[in-house]
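Asker: Here it is, the structure in full.
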Amino acid sequence: MKWWLYIAFKQLFPSGKFASFFALVSILGVALGILGLYGTQSVMNGFHAQIGKKLRDTTGDIIIRDYGRPMYNLDGLRSKLKSVDGIKSVELMASGPVMMLVRNVPSFPLLRSFDTLSGECAIPIRENNFVKMGDIDMLDDDSIIIGQRLAANLGISVGDKVEVFSPTVLDRIKKDEVPMPVRLDVVGFLATDYSEADSSVALVSLRRMRELYNLGEGAHSVILRLEDGLDPTSFADKIRKDLKAKYSVSTWLTSNEGFLRVIKMEKVMMSLIIVLIIIVASFSICISLYTSVLRKTREIGLLGAMGARPGQIALMYCVQGFFIGVAGSLTGLALTWLILYFREPIVELVVGREALIEFYHFARLPVKYELGDAVSACGFAIALCTLAGLLPALRAAKLKISEAMRNE
């Protein structure tokens, strides 16, 4: 081992001690900065990925509409889309708000169709077992599947009956007709683990939805689900060109672009704020090393008198900053993984699961570790700590041997 490297570690880890107080405090400061930075990035990555997955699972990959108008004569379009490689399913979908009465208590869910004849659906109801206390195959023209949180709020159980009024009731009233509600049997609960859908969506058959909205054989949109791994944006561009702008084509990404942008912005802003912790830690390292140079001026002069070159003396202090950055980064990563591993009881204790569901629509705190975030956080911390040791190193390297030896 080089002598300057040995002295650098000897100052950080004196004989008879596990580590110097300066080394422990500096490493802990960097570790807390990495914990805050990488932990925040991992949680925000988890939110972004989980929200994206839930939005895709509840809306489909690509949505084709006729600029807000009902769509008719869709057999040709459906057959054409089914023949395209990469498209997993093509669903004719009708949806819209209704008034639902349960024991004379009104609610206003969004009613969504499910094609009980073809069984095709752009949301993975069967694959992900989204229907609880029942089965999607039990759905017919006289039944309904209600979001589980909506059902819990209204006190609905499987086997209950609900009355549904659609907006077409107003047309009947204008014709002096007496509107009659549609009575439907509850045959299951929709449980996607995304509370935005579970608290406001109900499923009925496509035929029943067409009747409620007087659509005939039409639909409000065509929903496509792609094979896993395909980019919906580029696929949508291809379909848009094939359809020659006859219909509007959007993806789940463009439909929720503003919401997803907010999540990304939150991650950036929180990361910038927490970076200040690492900067503060680097200042404390710089001050401590600079103080060490002042206290060891005579020793530095003695090293110079024994033949040590200025570059070697400078490296002695730069290495200390670099080691503190590396040790603090690794400790911070370990703390991040440890705390996020036990995140469920921590969340339950600090904010409560109900608050997480109410404000973020998830029953569990999502986390997604990304190597790029870990490398950038640790690289930033190591570089900053190394630079923090650079100023004291330059001060030590510039000391004249004669002046250093006379220092008291």
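Ligands are numbered from 1 in the order shown, chains are lettered A, B, ... in the order of the structure tokens, and residues start at 1 in each chain.
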Going by DSSP on the backbone, which residues of segment 98-229 of chain A come out as alpha helix (DSSP H)? List them as a ChimeraX atom specification.
Answerer: /A:148-154,169-174,195-198,206-212
Asker: Could you list, as a list in words, every residue within 10 Å of Gln50 of chain A, counting only C-alpha atoms and ignoring same-chain residues fewer than 5 positions away?
Answerer: Met44, Asn45, Leu55, Arg56, Tyr194, Phe362, Leu365, Pro366, Val367 and Lys368 of chain A
Asker: So that I can see what lies close to Asn214 of chain A, please list as a ChimeraX atom specification the residues with an atom at most 10 Å from it, counting only C-alpha atoms and leaving out residues fewer than 4 positions away in the same chain.
Answerer: /A:166-168,208-210,218
Asker: Output N, CA and C atoms of each residue in that selection to a file, as a compact mmCIF listing (two decimals), in the first residue's frame.
Answerer:
```
# COMPACT_ATOMS: atom_id res chain seq x y z
N SER A 166 -80.55 5.95 -17.53
CA SER A 166 -79.55 6.50 -18.45
C SER A 166 -79.95 7.91 -18.87
N PRO A 167 -79.05 8.68 -19.48
CA PRO A 167 -79.40 10.04 -19.94
C PRO A 167 -80.52 10.07 -20.97
N THR A 168 -80.79 8.94 -21.65
CA THR A 168 -81.88 8.91 -22.63
C THR A 168 -83.25 9.06 -21.97
N ARG A 208 -76.82 -4.44 -23.33
CA ARG A 208 -77.56 -3.61 -22.37
C ARG A 208 -77.10 -2.15 -22.46
N MET A 209 -75.79 -1.92 -22.62
CA MET A 209 -75.29 -0.57 -22.71
C MET A 209 -75.79 0.12 -23.98
N ARG A 210 -75.87 -0.61 -25.07
CA ARG A 210 -76.41 -0.04 -26.31
C ARG A 210 -77.87 0.35 -26.13
N GLY A 218 -74.12 0.34 -32.63
CA GLY A 218 -72.92 1.15 -32.57
C GLY A 218 -72.16 1.02 -31.26
```
Asker: Between atom CA of Asn128 of chain A and atom CA of Ile63 of chain A, what is the distance, to one decimal in Å?
Answerer: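 Taking atom CA of Asn128 of chain A and atom CA of Ile63 of chain A, their separation equals 20.8 Å.
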Asker: Applying 8 Å and only C-alpha atoms, which residues near segment 152-161 of chain A remain after dropping the ones on its own chain fewer than 5 positions away? List them as a PyMOL selection string.
Answerer: chain A and resi 102+133-134+183-189
Asker: Based on the backbone DSSP call, show me all residues of segment 21-217 of chain A assigned strand (DSSP E or B), as a PyMOL selection string.
Answerer: chain A and resi 62-66+69+71+87-93+95-97+99-102+105-107+110-114+131-132+143-147+161-165+182-190+201-205
Asker: Do you know which residues are at most 6 Å from segment 123-126 of chain A counting only C-alpha atoms, after dropping those on the same chain fewer than 5 positions away, and could you put them as a list in words?
Answerer: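 Once the nearby chain positions are removed, what remains is Asp57, Thr58 and Gly60 of chain A.
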Asker: Which polymer residues have any atom within 12 Å of an atom of Leu203 of chain A, counting only C-alpha atoms, with same-chain residues fewer than 2 positions away left out, as a PyMOL selection string?
Answerer: chain A and resi 58+93-98+109-116+121+123+125+130-131+135-136+138-148+184-191+197-198+200-201+205-209
Asker: Tell me which protein, DNA and RNA residues are within 9 Å of Met180 of chain A, counting only C-alpha atoms, leaving out same-chain ones fewer than 3 positions away, and put them as a list in words.
Answerer: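 Final neighbour list, sorted by chain and number: Val164, Phe165 and Val169 of chain A.
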Asker: How many Å lie between atom CA of Thr192 of chain A and atom CA of Gly39 of chain A, rounded to one decimal?
Answerer: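 Taking atom CA of Thr192 of chain A and atom CA of Gly39 of chain A, their separation equals 26.5 Å.
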Asker: Restricting the calculation to only C-alpha atoms: of A:Val222, A:Ile51, A:Ile62, A:Ala314, which residue gets closest to Arg261 of chain A?
Answerer: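 That would be A:Ile51, the residue with the smallest distance to Arg261 of chain A.
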